[in-house]
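The next block holds one structure in the form of structure tokens; read it before the comments.
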Amino acid sequence: MATPRPSSRLRLYWLTDPSDRGLAVMLLTPLVLLVGLVVVYPVARLFRTSLYNHALTSGMPPEFVGFENFLLIAEDPVFWRVLGSTAIITAVTVPGALLMGLAMALMANLPFRRKWPVRLSLLIPWALPLAFAGLIFAWFFHSEYGVVNDLLRRFGLQPVIWFNSPFWSMAAVCLTIIWKTSSFMALILLAGLQTIPRSLYEAADVDGAGRWRQFREITLPLLRPAIVVALIFRTITALQTFDIPYTMTQGGPGDATATLAMYIHENTISFLDLGYGSALAVVMFLLSMLMTAAYLRMIRARG
Amino acid sequence: SAETALRIFISSQHQPDIWREVLDRYQEAHPDVTVEIETGGNTSEAQAQYLNTLMSAEDSSLDVMILDVVRPAQYAAAGWTRPVEGVDMATYLPAYAEANTVGGDVVALPAFADAMFLYYRTDLLEKHGVAVPETWQELRAAAQKILAAEGDADLQGLSFQGKAIEGAVCTFLLPLWSLGGQVVEDGEFEMDDTTALASMELWKGFADDGTAKPNISEVATDDTRREFQAGDVVFAVNWSYAWAQAQGEESEVAGKVGVARLPAMEGGEQVSCLGGWEWGVSAFTEHPDEAEALVKYLSSPEVAKHMAVNGALLPAFPELYDDAEVLEAAPWFADAKEVVETARPRPVTPRYAEVSEVIRTTLNAVLAGVTTPEDGVTEIEARLRRVLR
Amino acid sequence: MGSILQGKALRLIVAGVLLINGLFPALWILLTSLKSEQELTQKPITWLPESPNMENYFTAFTDQPLHLFLFNSFMVALLSTLLTLFVSVLAAYAIARLNLRHRGLILSAIIAVSTFPLVTLLVPLFEVMRGLSLLNTWTALVLPYTVLSLPVCTLILVSFFEGIPRDLENAAMIDGCTRIGALFRVVVPLSAPGVFTAGILAFVNAWDEFLLALSFNSNPALRTLPVGIQMYQGEFTFPWPVISAALIVGIVPVAILIVLFQERVVSGLTTGGVKG
Amino acid sequence: MGAVAFRKLSKAYGQAPIVQAIDLDIADGEFVVLVGPSGSGKSTILRMLAGLESVTGGEVLIGGQVVNHLQPRQRDIAMVFQDYALYPHKSVRENLGFSLKVRGVDRAEAERRIGEAAEMLGIGHLLDRRPAELSGGQRQRVAMGRAIVRRPQVFLFDEPLSNLDAKLRGQVRTEIKKLHQMLGTTILYVTHDQVEAMTLADRIVILRGGVIEQVGTPDQVYGNPANVFVGGFIGAPAMNFLRCSVRDGVVDYAGQVLLTGRDDLPDQVLLGLRPEHLAAGRGQGIDLSGVVQVVEPLGADTLVHVDLGGALVTARLDPALRPQPGSRIDLTAAFANIRLFDGRTERALPCP
Amino acid sequence: MGAVAFRKLSKAYGQAPIVQAIDLDIADGEFVVLVGPSGSGKSTILRMLAGLESVTGGEVLIGGQVVNHLQPRQRDIAMVFQDYALYPHKSVRENLGFSLKVRGVDRAEAERRIGEAAEMLGIGHLLDRRPAELSGGQRQRVAMGRAIVRRPQVFLFDEPLSNLDAKLRGQVRTEIKKLHQMLGTTILYVTHDQVEAMTLADRIVILRGGVIEQVGTPDQVYGNPANVFVGGFIGAPAMNFLRCSVRDGVVDYAGQVLLTGRDDLPDQVLLGLRPEHLAAGRGQGIDLSGVVQVVEPLGADTLVHVDLGGALVTARLDPALRPQPGSRIDLTAAFANIRLFDGRTERALPCP
Ligand SMILES: Nc1ncnc2c1ncn2[C@@H]1O[C@H](COP(=O)(O)OP(=O)(O)OP(=O)(O)O)[C@@H](O)[C@H]1O
Ligand SMILES: Nc1ncnc2c1ncn2[C@@H]1O[C@H](COP(=O)(O)OP(=O)(O)OP(=O)(O)O)[C@@H](O)[C@H]1O
Ligand SMILES: [Mg+2]
Ligand SMILES: [Mg+2]
């Protein structure tokens with residue numbers, strides 16, 4: 001046997017033939033390095049800054065204030081308002097994108113002879129840079145020059161001044177986000193769908209399950225890991241919703257569609273209040289982790 | 001020889017080629033200095049985004065940067081710009097002296113000027129025998145008259161910026177100033193509720209009585225320009241850039257455009273809102289002296305004239321508006337002088353960004369009908385008081 | 001198959017709706033790109049361009065180095081995709097297959113990376129990149145983009161790897177592969193749809209990003225598409241037709257490229273491999 | 001009811017014909033076993049009957065009705081898949097109960113049937129496991145159980161016992177037989193196991209390359225194979241064939257006269273002899289002699305492979321007999337056990 | 001070299017012990033067949049030997065070296081998986097050639113070996129297909145081929161022929177035998193097929209519930225099963241057992257005296273009788289009589305299940321005999337063929 005005995009040449013053995021743990025370390029190293037290099041310092045600084053009163057425009061050096069920023073946040077009515085909008089956007093667009101994405105994925109997975117039109121339609125929303133999606137949809141929803149109102153008019157309906165009302169503004173923003181993000185869902189779910197063995201559907205067919213039943217009993221459970229992944233990240237990005245309302249409504253009317261991320265952006269980039277902005281970011285991080293934990297628990301509970 | 005390489009930041013919309021010409025001249029005069037242009041994001045916002053990142057990181061790669069007129073105070077407070085010494089600010093239009101002076105320090109020097117104008121349709125005014133309005137009330141009457149006579153459903157009397165963008169701050173301030181109001185004085189919050197309310201009510205009134213469109217809350221600067229240019233607007237409040245476009249070959253209204261000072265409130269004075277850009281020296285520059293010298297040059301009458309003639313940029317020096325060469329290149333500058341002279345800078349405070357945010361979102365909410373003018377004023381008052389504490 | 005949508009008519013209707021949903025905005029942008037500026041302010045609005053012409057495309061390419069933007073975006077996206085895939089494949093395998101003790105914790109940590117809004121990391125990230133002398137290089141973008149995409153890609157791959165029958169991997173190890181060999185020669189090809197999806201995600205994440213691209217690469221020759229397209233804007237002006245043209249040039253080839261690529265990824269590969 | 005019929009049923013993948021215009025009638029309640037070499041289209045036929053595979057040509061009838069266009073679930077069949085196709089995310093219990101749940105069978109009844117099937121298959125203790133935690137044979141039994149809990153019109157079994165040990169296989173086979181007698185359901189059953197085929201079948205269908213070679217009762221196909229292929233395929237070890245020439249009614253193999261007085265034969269015949277019909281010794285009818293090549297003691301019998309000078313024949317002899325490889329041996333067979341086939345067409349000829 | 005040994009090898013899933021402290025030595029070049037009921041741990045043992053399953057306790061040795069911590073690829077083994085484990089994304093050719101490619105065998109040589117294996121398994125025409133396009137038996141042959149192209153120290157076969165028809169199985173079995181003789185590689189082979197076990201094995205290992213019940217040559221385990229379990233497990237149909245009481249050296253079954261003069265027996269014995277050792281009639285040694293219950297004609301034999309008044313015995317009789325169910329039948333067996341087991345411990349007792 002050409003292989004060395006483990007006991008005699010322990011070190012070499014470890015290198016050529018890593019145990020599970022050694023191997024795990026090896027495999028996770030690139031990730032850890034990259035993440036460490038790129039975000040650990042920024043994140044550490046973020047946490048630190050959140051404990052300081054660090055408003056550049058005050059002309060004063062940063063001052064350690066402990067959790068004061070967080071107390072301020074709790075008392076900040078704007079924070080609660082943007083948090084509310086963010087919650088609405090999350091609550092509407094995450095399920096919305098999930099349903100839409102699921103429909104798109106199921107459709108793209110159908111054995112159409114030509115798959116590319118469906119797949120293209122699935123990808124295009126996504127390939128459209130986020131920075132422009134909001135602008136373009138603002139244009140679509142424009143009360144006079146927008147194609148949406150034009151269509152409403154053509155169908156004999158009353159056109160809406162979308163951005164004049166908090167409700168319709170929010171609706172337009174949510175629709176746009178759903179449009180833009182369902183591709184993300186659809187792609188992940190489509191990939192998941194493709195790995196479900198056909199034979200299971202055959203077995204279910206023979207067992208007498210109709211399409212809906214098959215969907216519920218086979219597709220959904222087997223798709224669950226993919227759904228959870230998609231949900232986790234969609235939720236995180238929904239909590240971070242920024243570009244679309246920022247370019248579409250500037251948060252208007254008033255601050256009806258302003259989101260937490262916009263508020264963070266404003267505080268950090270425009271107001272240069274780094275302490276407060278960082279504290280807000282930490283709050284957002286905590287919220288994200290809370291949601292993630294809930295999802296992870298969901299997989300573990302039933303997985 | 002110790003050659004100094006300077007790097008200046010210009011937005012690519014501000015005609016970097018023409019700036020290059022003046023920089024080349026400067027290099028000829030100062031062989032030991034080379035100046036490189038860095039062009040960045042085209043909007044004030046994109047530049048702020050970029051510059052704020054760079055400056056927060058205390059980056060020394062830029063020596064000189066162009067700043068929107070609302071920013072020098074903020075940059076100075078953050079310690080990002082270095083005061084310029086030995087400049088007689090009196091040579092500039094007074095508003096620029098004000099905008100660039102913080103606590104006695106000159107924190108930046110004007111690059112070029114801008115202001116808001118009243119654009120109007122000479123043909124329509126003439127046709128209906130209406131004079132150029134000098135008060136908003138006159139404007140309303142004129143617009144109503146023309147609208148009624150024209151009977152064109154697509155025609156609107158007045159277009160202004162109601163979207164929650166920076167322009168909306170000017171929209172709010174114009175009537176307020178006209179009535180002698182203020183928002184910030186010497187860095188202190190100093191707003192008079194009656195003038196503020198008058199402003200809110202004025203704009204909301206325009207939307208309600210059909211002088212302006214009901215969707216005014218979604219109108220941004222360029223929407224105003226585009227609609228005016230399409231012939232759908234009688235009066236428009238806009239910056240100077242719209243002039244060239246309105247008279248351009250793609251315009252429906254070329255040759256039928258007039259500009260004037262913005263109307264006053266009844267009993268008030270005619271004021272405009274100051275725009276324009278400033279040169280600032282980065283606090284992190286490794287060549288402070290050379291950078292300062294360069295800024296002084298760039299902010300000199302000589303350069304301003306060159307830019308006016310070749311780039312149609314409004315000069316920050318009053319005398320250049322009477323300069324023959326300038327007027328030959330841009331005859332309408334003659335009309336602009338008055339406007340620029342009566343323009344006021346937006347509140348000069350390090351917390352301007354917050355001030356702006358409060359004002360524009362509130363005005364937007366009022367115009368959209370989400371808040372009443374009264375509540376809007378109360379809201380502005382409450383929030384600004386906290387910001388400017 | 002796995003669809004609740006049955007009946008040809010219903011299927012076609014739904015397909016139609018989804019097609020319109022996906023393609024209409026792009027189509028509208030395309031139409032806009034063929035219109036003139038004035039046509040946009042006509043009332044009522046026109047659908048088809050009155051006198052379609054390619055002038056805006058011409059402008060898009062002459063006004064700004066659009067080809068450079070495309071090239072930069074493409075290269076940055078491609079490099080970051082490759083790097084992301086490599087790193088996340090390794091990590092995902094470790095998480096999916098090796099019985100790690102703190103699996104939940106590791107997963108949460110990875111997810112945590114993506115929970116910070118970029119703006120708040122911008123300045124320190126800038127300092128990091130400056131510290132590494134990477135500003136104004138593709139790498140300055142490739143690295144953060146990779147990190148941005150890593151969490152989602154890793155999680156996707158984990159869920160895929162878990163679905164691959166272990167015996168296939170076992171067979172490969174018996175056949176003489178190392179675990180890593182088995183990973184790349186069997187597990188990865190069999191997770192093709194997942195790897196591919198992760199790839200597109202990474203690609204589009206990089207393709208889309210604006211903030212870092214704006215701040216880290218001030219050299220115009222290194223501008224990426226989203227930053228580049230902004231250059232058509234003025235302070236106030238937003239030339240829709242030209243920007244539309246630039247967007248079409250930016251989106252369509254990429255989308256088509258991805259679709260073509262995807263057509264080649266065979267689906268449902270695991271069938272026929274094992275009994276059970 | 002549960003009668004099944006195929007009318008010119010065909011299937012092709014691309015150009016390759018897999019099943020070629022098959023005609024077959026299966027009476028209600030009949031137990032039909034499909035046998036044939038690997039790849040001969042057995043699974044394909046079951047799958048077409050189940051509606052899982054599209055039909056290239058011809059018709060499938062269940063209960064007298066053409067079902068070509070019916071969905072599998074509308075055909076009221078139960079099937080054991082050759083590759084099991086268990087639901088990986090469901091426990092064994094859920095796997096077994098799924099079809100009942102779908103069809104709205106009430107809980108208690110479902111539990112009862114699951115219990116019965118699990119009992120019968122000896123998987124009662126595995127009900128809460130997932131398929132991935134089962135051994136190969138256990139999985140197969142779950143697959144089997146999934147079909148059994150149903151009470152369909154037609155059962156389709158695709159090699160349902162191949163991964164079970166002989167003992168268990170025997171047990172389950174008996175249970176299947178009982179089930180069939182009890183329910184009277186039509187059954188189509190694919191197997192490679194001779195014993196299963198012989199003991200379970202009312203009729204056996206032998207397939208080759210997608211074509212039916214013979215249909216008959218076990219006795220018929222074993223005793224009177226329609227052609228050389230069937231003769232060789234049914235029975236293990238396989239039938240021995242000796243290529244003989246016929247002249248003037250005399251059949252001789254390599255110069256050795258085996259039969260005489262057969263004027264009805266073509267000039268080339270294949271003489272078929274089953275291993276179990278060969279005995280050591282001489283004089284029972286025809287005699288052969290050759291050299292022992294390999295001896296395989298099976299316990300209950302001994303297989304002896306004998307070289308007759310060109311052809312190799314296998315004889316199943318008494319386990320006590322252990323001839324030495326290399327030694328000469330005499331073999332004999334009764335005339336009644338000889339089968340004759342046309343040397344060219346390979347079809348059966350009248351027996352001596 | 002290729003010698004394999006297990007030392008107190010154990011495996012448990014959670015609490016459940018699956019393999020319990022097994023000791024076994026397999027000589028280099030030996031052909032060992034593992035048999036046992038479904039779920040008895042056969043696959044688990046192969047997988048531990050291959051290094052695919054962690055060992056809970058004990059050691060695995062190959063060529064005298066402990067390999068517990070070696071990776072599968074370092075153990076130089078080839079394996080046929082019970083569930084095939086074909087690479088779905090590779091063609092048959094690539095499936096076969098993969099291990100060679102990985103090990104850097106040169107192209108031409110690889111092609112040659114693939115060709116040989118494909119030839120031997122009759123899958124030459126399928127080389128360009130994907131596994132999904134194969135029938136069950138074809139897949140199994142590919143799985144087999146994948147192991148065969150290698151020339152490892154040890155072959156592990158997990159029910160490699162279960163999906164093949166009898167004829168093909170016979171052929172491949174012969175080929176495996178030849179291969180073994182040619183290469184002299186150690187082989188561990190799991191099968192449920194009695195014939196395979198008997199003909200291929202140098203030694204047979206009988207497992208039950210993770211414990212070795214007997215190890216021996218085919219003749220030994222068939223002829224002298226160590227206990228009731230082995231007796232009942234080896235041989236199909238299974239050995240019949242009659243529970244007899246012993247008094248004063250007289251063994252009697254239900255009042256019928258079967259043996260006399262056996263003073264060495266405990267008071268309860270099980271008398272084992274293989275079906276093939278029962279003949280119709282009387283007088284060969286012990287005589288039994290009962291009512292025919294079921295008659296199963298298998299072609300080469302007829303199985304008759306006879307109710308002896310309580311116990312059911314199966315007799316393998318001449319195919320010509322077809323007794324009527326319900327009729328009485330006399331059965332007889334030679335003394336030499338009788339096996340005795342302790343009625344309580346179920347262990348074998350000295351034979352009469
Ligand atoms: N992951 C698992 N968790 C729990 N039990 C398991 C797991 N895998 C296998 N088992 C159990 O281990 C036992 C032995 O399994 P193994 O596959 O070795 O059986 P086997 O002898 O090969 O059976 P077969 O003949 O059916 O293939 C079985 O009872 C099986 O249910
Ligand atoms: N998707 C496919 N494409 C091409 N040929 C196929 C496909 N599926 C099956 N075949 C071929 O069809 C033939 C019949 O397959 P089938 O599964 O019916 O055989 P089978 O009689 O069940 O064999 P086995 O006993 O091995 O299970 C085989 O030769 C197989 O290779
Ligand atoms: Mg089959
Ligand atoms: Mg097994």
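For the structure tokens, the naming scheme is as follows: chains receive sequential letters (A, B, ...) according to their order of presentation, residues are indexed from 1 within each chain, and ligands are indexed from 1 in presentation order.
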
_chain D contacts to chain E at 6 Å (only C-alpha atoms) as a PyMOL selection string_ = chain D and resi 37-39+135+137+162+165+192+198-199+222+296+298-299

Take the residues from that selection and put them in a file with N, CA and C atoms, as a PDB file, in the first residue's frame.
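Result file result-v4.pdb:
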ATOM      1  N   PRO D  37     -35.608 -10.285 -21.421  1.00  0.00           N
ATOM      2  CA  PRO D  37     -34.270  -9.814 -21.083  1.00  0.00           C
ATOM      3  C   PRO D  37     -34.308  -8.358 -20.662  1.00  0.00           C
ATOM      4  N   SER D  38     -33.285  -7.959 -19.980  1.00  0.00           N
ATOM      5  CA  SER D  38     -33.147  -6.567 -19.584  1.00  0.00           C
ATOM      6  C   SER D  38     -33.191  -5.687 -20.824  1.00  0.00           C
ATOM      7  N   GLY D  39     -33.999  -4.657 -20.764  1.00  0.00           N
ATOM      8  CA  GLY D  39     -34.101  -3.737 -21.885  1.00  0.00           C
ATOM      9  C   GLY D  39     -35.117  -4.150 -22.930  1.00  0.00           C
ATOM     10  N   SER D 135     -32.381   0.265   4.423  1.00  0.00           N
ATOM     11  CA  SER D 135     -31.529  -0.546   3.551  1.00  0.00           C
ATOM     12  C   SER D 135     -32.259  -0.730   2.229  1.00  0.00           C
ATOM     13  N   GLY D 137     -33.313  -3.354   0.633  1.00  0.00           N
ATOM     14  CA  GLY D 137     -34.470  -4.234   0.657  1.00  0.00           C
ATOM     15  C   GLY D 137     -35.650  -3.604   1.380  1.00  0.00           C
ATOM     16  N   SER D 162     -36.874  -7.904  -6.095  1.00  0.00           N
ATOM     17  CA  SER D 162     -35.524  -8.250  -6.530  1.00  0.00           C
ATOM     18  C   SER D 162     -34.475  -8.032  -5.447  1.00  0.00           C
ATOM     19  N   ASP D 165     -34.225 -11.092   0.230  1.00  0.00           N
ATOM     20  CA  ASP D 165     -33.596 -12.403   0.329  1.00  0.00           C
ATOM     21  C   ASP D 165     -34.626 -13.484   0.037  1.00  0.00           C
ATOM     22  N   HIS D 192     -37.691 -11.177 -12.784  1.00  0.00           N
ATOM     23  CA  HIS D 192     -36.633 -11.986 -13.396  1.00  0.00           C
ATOM     24  C   HIS D 192     -36.515 -13.299 -12.670  1.00  0.00           C
ATOM     25  N   MET D 198     -43.252 -18.577 -12.371  1.00  0.00           N
ATOM     26  CA  MET D 198     -43.951 -19.851 -12.492  1.00  0.00           C
ATOM     27  C   MET D 198     -45.063 -19.990 -11.457  1.00  0.00           C
ATOM     28  N   THR D 199     -44.806 -19.520 -10.247  1.00  0.00           N
ATOM     29  CA  THR D 199     -45.795 -19.766  -9.209  1.00  0.00           C
ATOM     30  C   THR D 199     -46.924 -18.752  -9.201  1.00  0.00           C
ATOM     31  N   TYR D 222     -43.191 -23.296 -20.204  1.00  0.00           N
ATOM     32  CA  TYR D 222     -42.061 -24.107 -19.760  1.00  0.00           C
ATOM     33  C   TYR D 222     -41.992 -25.402 -20.556  1.00  0.00           C
ATOM     34  N   GLU D 296     -20.754 -27.374 -10.430  1.00  0.00           N
ATOM     35  CA  GLU D 296     -21.222 -26.363  -9.483  1.00  0.00           C
ATOM     36  C   GLU D 296     -22.196 -26.993  -8.493  1.00  0.00           C
ATOM     37  N   LEU D 298     -24.836 -26.905  -5.817  1.00  0.00           N
ATOM     38  CA  LEU D 298     -25.747 -25.869  -5.329  1.00  0.00           C
ATOM     39  C   LEU D 298     -26.402 -26.254  -4.024  1.00  0.00           C
ATOM     40  N   GLY D 299     -26.027 -27.385  -3.497  1.00  0.00           N
ATOM     41  CA  GLY D 299     -26.697 -27.801  -2.284  1.00  0.00           C
ATOM     42  C   GLY D 299     -27.783 -28.799  -2.623  1.00  0.00           C
TER      43      GLY D 299
END

Tell me, as an mmCIF file with all heavy atoms, in the first residue's frame, which residues lie within 8 Å of D:Phe81, counting only C-alpha atoms; anything in the same chain fewer than 4 positions away does not count.
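Listed below is the output, out.cif:
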data_model
loop_
_atom_site.group_PDB
_atom_site.id
_atom_site.type_symbol
_atom_site.label_atom_id
_atom_site.label_comp_id
_atom_site.auth_asym_id
_atom_site.auth_seq_id
_atom_site.Cartn_x
_atom_site.Cartn_y
_atom_site.Cartn_z
ATOM 1 N N ALA A 203 -44.811 8.910 -9.320
ATOM 2 C CA ALA A 203 -45.350 8.119 -8.223
ATOM 3 C C ALA A 203 -46.609 8.777 -7.672
ATOM 4 O O ALA A 203 -47.611 8.115 -7.420
ATOM 5 C CB ALA A 203 -44.305 7.974 -7.127
ATOM 6 N N ALA D 85 -38.871 5.108 -6.333
ATOM 7 C CA ALA D 85 -39.508 6.436 -6.340
ATOM 8 C C ALA D 85 -40.234 6.731 -5.034
ATOM 9 O O ALA D 85 -41.374 7.159 -5.028
ATOM 10 C CB ALA D 85 -40.466 6.578 -7.535
ATOM 11 N N ALA D 143 -41.791 0.473 -1.126
ATOM 12 C CA ALA D 143 -42.364 0.698 -2.456
ATOM 13 C C ALA D 143 -43.503 -0.275 -2.706
ATOM 14 O O ALA D 143 -44.554 0.079 -3.248
ATOM 15 C CB ALA D 143 -41.286 0.545 -3.525
ATOM 16 N N PHE D 157 -46.575 -4.319 -10.917
ATOM 17 C CA PHE D 157 -45.402 -4.560 -10.074
ATOM 18 C C PHE D 157 -44.173 -4.661 -10.961
ATOM 19 O O PHE D 157 -44.105 -5.536 -11.814
ATOM 20 C CB PHE D 157 -45.561 -5.879 -9.304
ATOM 21 C CG PHE D 157 -46.651 -5.845 -8.259
ATOM 22 C CD1 PHE D 157 -47.648 -6.818 -8.245
ATOM 23 C CD2 PHE D 157 -46.672 -4.870 -7.281
ATOM 24 C CE1 PHE D 157 -48.642 -6.807 -7.275
ATOM 25 C CE2 PHE D 157 -47.664 -4.861 -6.301
ATOM 26 C CZ PHE D 157 -48.657 -5.828 -6.301
ATOM 27 N N ASP D 158 -43.206 -3.796 -10.756
ATOM 28 C CA ASP D 158 -42.000 -3.859 -11.580
ATOM 29 C C ASP D 158 -40.849 -4.387 -10.738
ATOM 30 O O ASP D 158 -40.220 -3.638 -9.995
ATOM 31 C CB ASP D 158 -41.683 -2.476 -12.147
ATOM 32 C CG ASP D 158 -40.783 -2.567 -13.370
ATOM 33 O OD1 ASP D 158 -40.243 -3.661 -13.621
ATOM 34 O OD2 ASP D 158 -40.634 -1.553 -14.073
ATOM 35 N N GLU D 159 -40.600 -5.665 -10.872
ATOM 36 C CA GLU D 159 -39.555 -6.339 -10.098
ATOM 37 C C GLU D 159 -39.631 -5.956 -8.620
ATOM 38 O O GLU D 159 -38.681 -5.404 -8.069
ATOM 39 C CB GLU D 159 -38.168 -6.012 -10.649
ATOM 40 C CG GLU D 159 -38.101 -6.262 -12.144
ATOM 41 C CD GLU D 159 -36.697 -6.248 -12.701
ATOM 42 O OE1 GLU D 159 -35.740 -6.451 -11.927
ATOM 43 O OE2 GLU D 159 -36.552 -6.058 -13.913
ATOM 44 N N PRO D 160 -40.736 -6.286 -7.997
ATOM 45 C CA PRO D 160 -40.948 -5.767 -6.656
ATOM 46 C C PRO D 160 -40.136 -6.465 -5.582
ATOM 47 O O PRO D 160 -40.037 -5.968 -4.465
ATOM 48 C CB PRO D 160 -42.442 -5.988 -6.420
ATOM 49 C CG PRO D 160 -42.781 -7.165 -7.257
ATOM 50 C CD PRO D 160 -41.886 -7.089 -8.464
#

*Would you kindly return, as an NGL selection string, each protein, DNA or RNA residue with an atom no farther than 6 Å from any atom of E:Thr332, considering only C-alpha atoms and excluding same-chain residues fewer than 6 positions away?*
:E and (278-279 or 281-282 or 284 or 286-287)

*Please return, as JSON, numbers by chain, all residues of chain E lying within 7 Å of chain C when only C-alpha atoms are considered.*
{"E": [52, 72, 73, 77, 78, 83, 84, 85, 86, 87, 88, 89, 99, 102, 103, 131, 132]}

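Atom CA of C:Thr81 is positioned 5.3 Å from atom CA of C:Phe203.
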
*Write out as a ChimeraX atom specification the residues lying within 7 Å of stretch 106-118 of chain B, counting only C-alpha atoms and excluding same-chain residues fewer than 4 positions away.*
/B:72,76,81-85,96,100-102,235-240,259-262,272-280,298-299,304,313-316,339-340,343

*When the cut-off is 6 Å and we count only C-alpha atoms, which residues of chain C are near chain B, given as a PyMOL selection string?*
chain C and resi 123+215+231+234-237

*Neighbours of C:His67 within 10 Å (only C-alpha atoms; same-chain residues fewer than 6 positions away dropped), as a list in words?*
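Final neighbour list, sorted by chain and number: Ala60, Phe61, Ser73, Leu225, Ala246, Val249 and Gly250 of chain C.
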
Selected residues written out with all heavy atoms, as an mmCIF file, in the first residue's frame:
data_model
loop_
_atom_site.group_PDB
_atom_site.id
_atom_site.type_symbol
_atom_site.label_atom_id
_atom_site.label_comp_id
_atom_site.auth_asym_id
_atom_site.auth_seq_id
_atom_site.Cartn_x
_atom_site.Cartn_y
_atom_site.Cartn_z
ATOM 1 N N ALA C 60 -25.603 57.545 -27.581
ATOM 2 C CA ALA C 60 -25.176 56.825 -26.391
ATOM 3 C C ALA C 60 -23.722 56.394 -26.495
ATOM 4 O O ALA C 60 -22.976 56.423 -25.520
ATOM 5 C CB ALA C 60 -26.070 55.608 -26.163
ATOM 6 N N PHE C 61 -23.334 56.006 -27.688
ATOM 7 C CA PHE C 61 -21.957 55.539 -27.839
ATOM 8 C C PHE C 61 -20.964 56.677 -28.029
ATOM 9 O O PHE C 61 -19.798 56.537 -27.694
ATOM 10 C CB PHE C 61 -21.849 54.553 -29.015
ATOM 11 C CG PHE C 61 -22.185 53.153 -28.604
ATOM 12 C CD1 PHE C 61 -23.434 52.610 -28.869
ATOM 13 C CD2 PHE C 61 -21.250 52.363 -27.928
ATOM 14 C CE1 PHE C 61 -23.755 51.327 -28.486
ATOM 15 C CE2 PHE C 61 -21.565 51.076 -27.537
ATOM 16 C CZ PHE C 61 -22.816 50.552 -27.814
ATOM 17 N N SER C 73 -18.035 46.650 -16.682
ATOM 18 C CA SER C 73 -19.077 45.968 -15.937
ATOM 19 C C SER C 73 -18.967 44.470 -16.159
ATOM 20 O O SER C 73 -19.075 43.675 -15.229
ATOM 21 C CB SER C 73 -20.456 46.429 -16.401
ATOM 22 O OG SER C 73 -20.898 47.460 -15.592
ATOM 23 N N LEU C 225 -21.227 50.147 -15.785
ATOM 24 C CA LEU C 225 -22.414 50.583 -16.485
ATOM 25 C C LEU C 225 -23.342 51.500 -15.665
ATOM 26 O O LEU C 225 -23.713 52.569 -16.137
ATOM 27 C CB LEU C 225 -23.179 49.358 -16.988
ATOM 28 C CG LEU C 225 -24.165 49.632 -18.097
ATOM 29 C CD1 LEU C 225 -23.455 50.007 -19.373
ATOM 30 C CD2 LEU C 225 -25.043 48.430 -18.313
ATOM 31 N N ALA C 246 -28.955 53.387 -23.898
ATOM 32 C CA ALA C 246 -27.820 52.831 -23.167
ATOM 33 C C ALA C 246 -28.259 51.638 -22.324
ATOM 34 O O ALA C 246 -27.556 50.627 -22.232
ATOM 35 C CB ALA C 246 -27.200 53.898 -22.274
ATOM 36 N N VAL C 249 -28.765 48.625 -24.484
ATOM 37 C CA VAL C 249 -27.461 48.055 -24.808
ATOM 38 C C VAL C 249 -26.880 47.333 -23.593
ATOM 39 O O VAL C 249 -26.186 46.331 -23.714
ATOM 40 C CB VAL C 249 -26.499 49.164 -25.288
ATOM 41 C CG1 VAL C 249 -25.099 48.628 -25.468
ATOM 42 C CG2 VAL C 249 -27.002 49.760 -26.582
ATOM 43 N N GLY C 250 -27.211 47.854 -22.428
ATOM 44 C CA GLY C 250 -26.672 47.250 -21.214
ATOM 45 C C GLY C 250 -27.393 45.996 -20.765
ATOM 46 O O GLY C 250 -26.781 45.093 -20.228
#
